[in-house]
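Enquirer: I'd like to ask you about the structure that follows.
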Amino acid sequence: SCPDALTGVAALANVGHEVTTVNVLEDGVPVLTRDLAIGTRRLREALQRECGFPAAQAEALLRGDEQAPALLSLVQRHAEELAVGIERAAAVLESAARAPRPLQGLWLCGGGARVPGLANAIGHRLRITVCAANPLAGVSVADDAFAGLDADALAPLLMLPLGLALRRAA
């Protein structure tokens with residue numbers, strides 16, 4: 001199960017097309033942000049270049065709509081790069097703290113959160129629990145708001161839009 005993001009040191013990684021933005025939180029307060037030049041584009045291009053998949057099929061593999069054994073090794077390699085970037089961001093915070101605490105959990109959001117096996121591979125490399133972020137968990141929505149859609153699969157994509165929707169006018 002996912003640890004409590006409001007206690008200890010945790011991170012949120014928004015895995016986008018070009019960039020992954022890592023926010024490290026200490027007791028629920030954002031204390032460090034790092035952009036990593038790693039996104040799903042690199043993984044999609046590797047599927048096309050190294051495995052010969054056409055662009056549409058590579059996209060379907062990344063969304064989890066299709067499966068292929070070749071995806072697993074590429075995800076492992078991609079996860080290693082992401083894990084190193086996340087580890088470095090957490091290490092910066094840990095080295096600056098008077099009472100250092102290790103990273104205890106990671107939440108993935110953005111389009112990359114849907115890549116099959118990515119969360120498990122990062123979690124294995126960092127030896128922490130990695131969960132898909134679900135901003136809908138504490139929000140009431142109309143019963144038919146996600147009619148015909150998989151709300152759990154879409155939830156990690158809704159972090160930014162939901163956050164913006166919940167802002168108050170200044």
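Letters A, B, ... go to the chains of the structure tokens in the order shown; residues in each chain start at 1; ligands are counted from 1 in the same order.
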Write out as JSON, numbers by chain all residues of chain A that backbone DSSP assigns to strand (DSSP E or B).
Expert: {"A": [9, 10, 11, 12, 13, 14, 15, 20, 21, 22, 23, 24, 25, 26, 29, 30, 31, 32, 33, 34, 35, 36, 103, 104, 105, 106, 107, 108, 109, 129, 130, 131, 132]}
Enquirer: Now that the selection is made, can you save its residues with N, CA and C atoms as an mmCIF file, in the first residue's frame?
Expert:
```
data_model
loop_
_atom_site.group_PDB
_atom_site.id
_atom_site.type_symbol
_atom_site.label_atom_id
_atom_site.label_comp_id
_atom_site.auth_asym_id
_atom_site.auth_seq_id
_atom_site.Cartn_x
_atom_site.Cartn_y
_atom_site.Cartn_z
ATOM 1 N N VAL A 9 9.315 11.980 3.978
ATOM 2 C CA VAL A 9 9.759 12.467 2.674
ATOM 3 C C VAL A 9 9.159 11.578 1.579
ATOM 4 N N ALA A 10 8.481 12.218 0.653
ATOM 5 C CA ALA A 10 7.857 11.521 -0.465
ATOM 6 C C ALA A 10 8.094 12.340 -1.725
ATOM 7 N N ALA A 11 7.840 11.746 -2.872
ATOM 8 C CA ALA A 11 8.032 12.462 -4.134
ATOM 9 C C ALA A 11 6.847 12.219 -5.054
ATOM 10 N N LEU A 12 6.620 13.189 -5.905
ATOM 11 C CA LEU A 12 5.603 13.113 -6.949
ATOM 12 C C LEU A 12 6.332 13.337 -8.264
ATOM 13 N N ALA A 13 6.238 12.396 -9.189
ATOM 14 C CA ALA A 13 6.891 12.515 -10.493
ATOM 15 C C ALA A 13 5.831 12.583 -11.584
ATOM 16 N N ASN A 14 5.790 13.716 -12.275
ATOM 17 C CA ASN A 14 4.884 13.900 -13.400
ATOM 18 C C ASN A 14 5.665 13.519 -14.657
ATOM 19 N N VAL A 15 5.418 12.311 -15.160
ATOM 20 C CA VAL A 15 6.145 11.782 -16.313
ATOM 21 C C VAL A 15 5.429 12.237 -17.573
ATOM 22 N N THR A 20 10.197 14.945 -17.209
ATOM 23 C CA THR A 20 9.607 14.436 -15.978
ATOM 24 C C THR A 20 9.922 15.445 -14.888
ATOM 25 N N THR A 21 8.891 15.960 -14.249
ATOM 26 C CA THR A 21 9.073 16.910 -13.163
ATOM 27 C C THR A 21 8.917 16.172 -11.844
ATOM 28 N N VAL A 22 9.944 16.259 -11.015
ATOM 29 C CA VAL A 22 9.947 15.586 -9.713
ATOM 30 C C VAL A 22 9.787 16.637 -8.627
ATOM 31 N N ASN A 23 8.778 16.464 -7.792
ATOM 32 C CA ASN A 23 8.572 17.320 -6.629
ATOM 33 C C ASN A 23 8.791 16.465 -5.392
ATOM 34 N N VAL A 24 9.718 16.901 -4.541
ATOM 35 C CA VAL A 24 9.971 16.181 -3.298
ATOM 36 C C VAL A 24 9.242 16.933 -2.190
ATOM 37 N N LEU A 25 8.492 16.183 -1.397
ATOM 38 C CA LEU A 25 7.691 16.750 -0.313
ATOM 39 C C LEU A 25 8.242 16.284 1.025
ATOM 40 N N GLU A 26 8.261 17.201 1.967
ATOM 41 C CA GLU A 26 8.631 16.836 3.325
ATOM 42 C C GLU A 26 7.445 17.170 4.216
ATOM 43 N N VAL A 29 4.835 19.180 2.447
ATOM 44 C CA VAL A 29 5.188 20.502 1.938
ATOM 45 C C VAL A 29 6.220 20.345 0.823
ATOM 46 N N PRO A 30 5.963 20.904 -0.364
ATOM 47 C CA PRO A 30 6.959 20.814 -1.443
ATOM 48 C C PRO A 30 8.230 21.564 -1.056
ATOM 49 N N VAL A 31 9.372 20.876 -1.130
ATOM 50 C CA VAL A 31 10.636 21.497 -0.739
ATOM 51 C C VAL A 31 11.674 21.499 -1.861
ATOM 52 N N LEU A 32 11.445 20.734 -2.908
ATOM 53 C CA LEU A 32 12.425 20.653 -3.985
ATOM 54 C C LEU A 32 11.737 20.222 -5.270
ATOM 55 N N THR A 33 12.064 20.885 -6.368
ATOM 56 C CA THR A 33 11.539 20.517 -7.680
ATOM 57 C C THR A 33 12.696 20.355 -8.648
ATOM 58 N N ARG A 34 12.675 19.288 -9.420
ATOM 59 C CA ARG A 34 13.707 19.024 -10.422
ATOM 60 C C ARG A 34 13.026 18.576 -11.717
ATOM 61 N N ASP A 35 13.505 19.099 -12.828
ATOM 62 C CA ASP A 35 13.047 18.637 -14.140
ATOM 63 C C ASP A 35 14.094 17.697 -14.707
ATOM 64 N N LEU A 36 13.660 16.532 -15.133
ATOM 65 C CA LEU A 36 14.535 15.543 -15.751
ATOM 66 C C LEU A 36 14.207 15.496 -17.239
ATOM 67 N N LEU A 103 13.807 8.884 1.305
ATOM 68 C CA LEU A 103 12.592 8.892 0.501
ATOM 69 C C LEU A 103 11.804 7.629 0.822
ATOM 70 N N GLN A 104 10.530 7.792 1.164
ATOM 71 C CA GLN A 104 9.748 6.626 1.567
ATOM 72 C C GLN A 104 8.633 6.250 0.603
ATOM 73 N N GLY A 105 8.356 7.092 -0.361
ATOM 74 C CA GLY A 105 7.309 6.751 -1.321
ATOM 75 C C GLY A 105 7.360 7.662 -2.522
ATOM 76 N N LEU A 106 6.820 7.180 -3.635
ATOM 77 C CA LEU A 106 6.793 7.943 -4.875
ATOM 78 C C LEU A 106 5.437 7.749 -5.529
ATOM 79 N N TRP A 107 4.876 8.842 -6.005
ATOM 80 C CA TRP A 107 3.624 8.808 -6.751
ATOM 81 C C TRP A 107 3.915 9.247 -8.168
ATOM 82 N N LEU A 108 3.412 8.488 -9.138
ATOM 83 C CA LEU A 108 3.560 8.825 -10.548
ATOM 84 C C LEU A 108 2.267 9.431 -11.070
ATOM 85 N N CYS A 109 2.407 10.456 -11.899
ATOM 86 C CA CYS A 109 1.249 11.011 -12.590
ATOM 87 C C CYS A 109 1.694 11.409 -13.991
ATOM 88 N N THR A 129 7.911 2.061 -2.301
ATOM 89 C CA THR A 129 6.601 1.850 -2.901
ATOM 90 C C THR A 129 6.329 2.958 -3.907
ATOM 91 N N VAL A 130 5.923 2.577 -5.113
ATOM 92 C CA VAL A 130 5.561 3.541 -6.150
ATOM 93 C C VAL A 130 4.099 3.303 -6.518
ATOM 94 N N CYS A 131 3.312 4.355 -6.450
ATOM 95 C CA CYS A 131 1.880 4.258 -6.726
ATOM 96 C C CYS A 131 1.488 5.261 -7.802
ATOM 97 N N ALA A 132 0.430 4.956 -8.521
ATOM 98 C CA ALA A 132 -0.154 5.931 -9.442
ATOM 99 C C ALA A 132 -0.927 6.941 -8.603
#
```
Enquirer: Skip A:Arg125 itself and residues of its chain fewer than 4 positions away, then list as a list in words all residues within 12 Å of it, counting only C-alpha atoms.
Expert: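 The residues that qualify are Gln76, Arg77, His78, Ala79, Glu80, Glu81, Leu82, Ala83, Val84, Gly85, Ile86, Glu87, Leu118, Ala119, Asn120, Ala121, Thr129 and Val130 of chain A.
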Enquirer: With only C-alpha atoms as the atoms that count, which of A:Leu93, A:Cys51, A:Ala153, A:Val115 lies nearest to A:Val75?
Expert: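 Smallest distance to A:Val75 is found for A:Val115.
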Enquirer: For A:Pro100, list every protein, DNA or RNA residue within 12 Å, evaluated using only C-alpha atoms, and leave out those in the same chain fewer than 4 positions away; present the list as a short mmCIF file (atom, residue, chain, number, x, y, z; two decimals) with C-alpha atoms, in the first residue's frame.
Expert:
```cif
data_model
loop_
_atom_site.label_atom_id
_atom_site.label_comp_id
_atom_site.auth_asym_id
_atom_site.auth_seq_id
_atom_site.Cartn_x
_atom_site.Cartn_y
_atom_site.Cartn_z
CA GLY A 8 8.08 12.02 6.04
CA VAL A 9 9.76 12.47 2.67
CA GLU A 26 8.63 16.84 3.33
CA ALA A 90 16.05 13.15 -2.90
CA ALA A 91 19.79 13.05 -2.11
CA VAL A 92 20.07 16.83 -2.52
CA LEU A 93 17.35 17.29 0.08
CA GLU A 94 18.80 14.64 2.37
CA SER A 95 22.28 16.19 2.29
CA ALA A 96 20.89 19.66 3.08
#
```
Enquirer: From a DSSP calculation on the backbone, collect every residue of stretch 125-166 of chain A in alpha helix (DSSP H) and output the set as an mmCIF file with N, CA, C and O atoms, in the first residue's frame.
Expert:
```cif
data_model
loop_
_atom_site.group_PDB
_atom_site.id
_atom_site.type_symbol
_atom_site.label_atom_id
_atom_site.label_comp_id
_atom_site.auth_asym_id
_atom_site.auth_seq_id
_atom_site.Cartn_x
_atom_site.Cartn_y
_atom_site.Cartn_z
ATOM 1 N N ARG A 125 13.994 -0.506 -8.297
ATOM 2 C CA ARG A 125 15.308 0.142 -8.331
ATOM 3 C C ARG A 125 15.538 1.010 -7.097
ATOM 4 O O ARG A 125 16.627 1.029 -6.519
ATOM 5 N N LEU A 126 14.509 1.747 -6.663
ATOM 6 C CA LEU A 126 14.648 2.649 -5.506
ATOM 7 C C LEU A 126 14.360 1.956 -4.175
ATOM 8 O O LEU A 126 14.585 2.546 -3.120
ATOM 9 N N ALA A 151 -11.904 5.350 -14.793
ATOM 10 C CA ALA A 151 -11.486 6.473 -13.954
ATOM 11 C C ALA A 151 -10.122 6.236 -13.317
ATOM 12 O O ALA A 151 -9.322 7.164 -13.196
ATOM 13 N N ASP A 152 -9.818 4.996 -12.919
ATOM 14 C CA ASP A 152 -8.522 4.708 -12.302
ATOM 15 C C ASP A 152 -7.375 4.915 -13.287
ATOM 16 O O ASP A 152 -6.301 5.390 -12.917
ATOM 17 N N ALA A 153 -7.585 4.566 -14.540
ATOM 18 C CA ALA A 153 -6.549 4.743 -15.558
ATOM 19 C C ALA A 153 -6.365 6.217 -15.908
ATOM 20 O O ALA A 153 -5.257 6.656 -16.212
ATOM 21 N N LEU A 154 -7.443 6.983 -15.856
ATOM 22 C CA LEU A 154 -7.372 8.403 -16.193
ATOM 23 C C LEU A 154 -6.894 9.274 -15.038
ATOM 24 O O LEU A 154 -6.358 10.359 -15.262
ATOM 25 N N MET A 159 -4.030 15.195 -12.557
ATOM 26 C CA MET A 159 -3.416 15.948 -11.457
ATOM 27 C C MET A 159 -3.402 17.450 -11.741
ATOM 28 O O MET A 159 -3.890 18.241 -10.942
ATOM 29 N N LEU A 160 -2.851 17.856 -12.867
ATOM 30 C CA LEU A 160 -2.747 19.274 -13.199
ATOM 31 C C LEU A 160 -4.123 19.905 -13.433
ATOM 32 O O LEU A 160 -4.441 20.927 -12.814
ATOM 33 N N PRO A 161 -4.981 19.313 -14.278
ATOM 34 C CA PRO A 161 -6.289 19.942 -14.491
ATOM 35 C C PRO A 161 -7.109 20.066 -13.202
ATOM 36 O O PRO A 161 -7.746 21.085 -12.959
ATOM 37 N N LEU A 162 -7.065 19.036 -12.368
ATOM 38 C CA LEU A 162 -7.833 19.089 -11.127
ATOM 39 C C LEU A 162 -7.241 20.129 -10.177
ATOM 40 O O LEU A 162 -7.974 20.870 -9.523
ATOM 41 N N GLY A 163 -5.916 20.172 -10.107
ATOM 42 C CA GLY A 163 -5.258 21.174 -9.265
ATOM 43 C C GLY A 163 -5.622 22.589 -9.689
ATOM 44 O O GLY A 163 -5.907 23.455 -8.855
ATOM 45 N N LEU A 164 -5.623 22.827 -10.985
ATOM 46 C CA LEU A 164 -5.997 24.153 -11.490
ATOM 47 C C LEU A 164 -7.471 24.450 -11.206
ATOM 48 O O LEU A 164 -7.831 25.572 -10.857
ATOM 49 N N ALA A 165 -8.317 23.441 -11.339
ATOM 50 C CA ALA A 165 -9.746 23.637 -11.096
ATOM 51 C C ALA A 165 -10.040 23.954 -9.637
ATOM 52 O O ALA A 165 -11.013 24.651 -9.330
#
```
Enquirer: Using only C-alpha atoms, find the one residue out of A:Gly64, A:Pro102, A:Gly39, A:Pro135 that sits nearest to A:Thr7.
Expert: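 The answer is A:Pro102, which sits nearest to A:Thr7.
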Enquirer: For the atom pair atom CA of A:Asp65 and atom CA of A:Glu50, what is the interatomic distance in Å to one decimal place?
Expert: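 Pair atom CA of A:Asp65 / atom CA of A:Glu50 returns 19.9 Å.
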Enquirer: Between atom CA of A:Ser73 and atom CA of A:Cys2, measure the distance and give it in Å to one decimal.
Expert: 25.4 Å
Enquirer: Can you work out the spacing between atom CA of A:Glu18 and atom CA of A:Ala137 in Å, to one decimal?
Expert: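 So the answer is 27.3 Å.
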Enquirer: For A:Pro156, work out the shell of residues within 6 Å, counting only C-alpha atoms and skipping chain neighbours fewer than 3 positions away, then give it as a PyMOL selection string.
Expert: chain A and resi 109-110+133-134
Enquirer: Would you mind exporting the chosen residues as a short mmCIF file (atom, residue, chain, number, x, y, z; two decimals), in the first residue's frame, restricted to N, CA, C and O atoms?
Expert:
```
data_model
loop_
_atom_site.label_atom_id
_atom_site.label_comp_id
_atom_site.auth_asym_id
_atom_site.auth_seq_id
_atom_site.Cartn_x
_atom_site.Cartn_y
_atom_site.Cartn_z
N CYS A 109 2.41 10.46 -11.90
CA CYS A 109 1.25 11.01 -12.59
C CYS A 109 1.69 11.41 -13.99
O CYS A 109 2.85 11.22 -14.36
N GLY A 110 0.78 11.95 -14.76
CA GLY A 110 1.08 12.28 -16.14
C GLY A 110 0.90 11.06 -17.03
O GLY A 110 0.62 9.96 -16.57
N ALA A 133 -0.67 8.21 -8.84
CA ALA A 133 -1.38 9.27 -8.11
C ALA A 133 -2.85 9.27 -8.51
O ALA A 133 -3.18 9.09 -9.69
N ASN A 134 -3.72 9.45 -7.54
CA ASN A 134 -5.14 9.49 -7.83
C ASN A 134 -5.75 10.72 -7.18
O ASN A 134 -6.19 10.68 -6.02
#
```
Enquirer: Nearest to A:Arg44 among A:Gly28, A:Ala142, A:His17, A:Gln67, with distances taken over only C-alpha atoms: which residue is it?
Expert: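 Counting only C-alpha atoms, the residue closest to A:Arg44 is A:His17.
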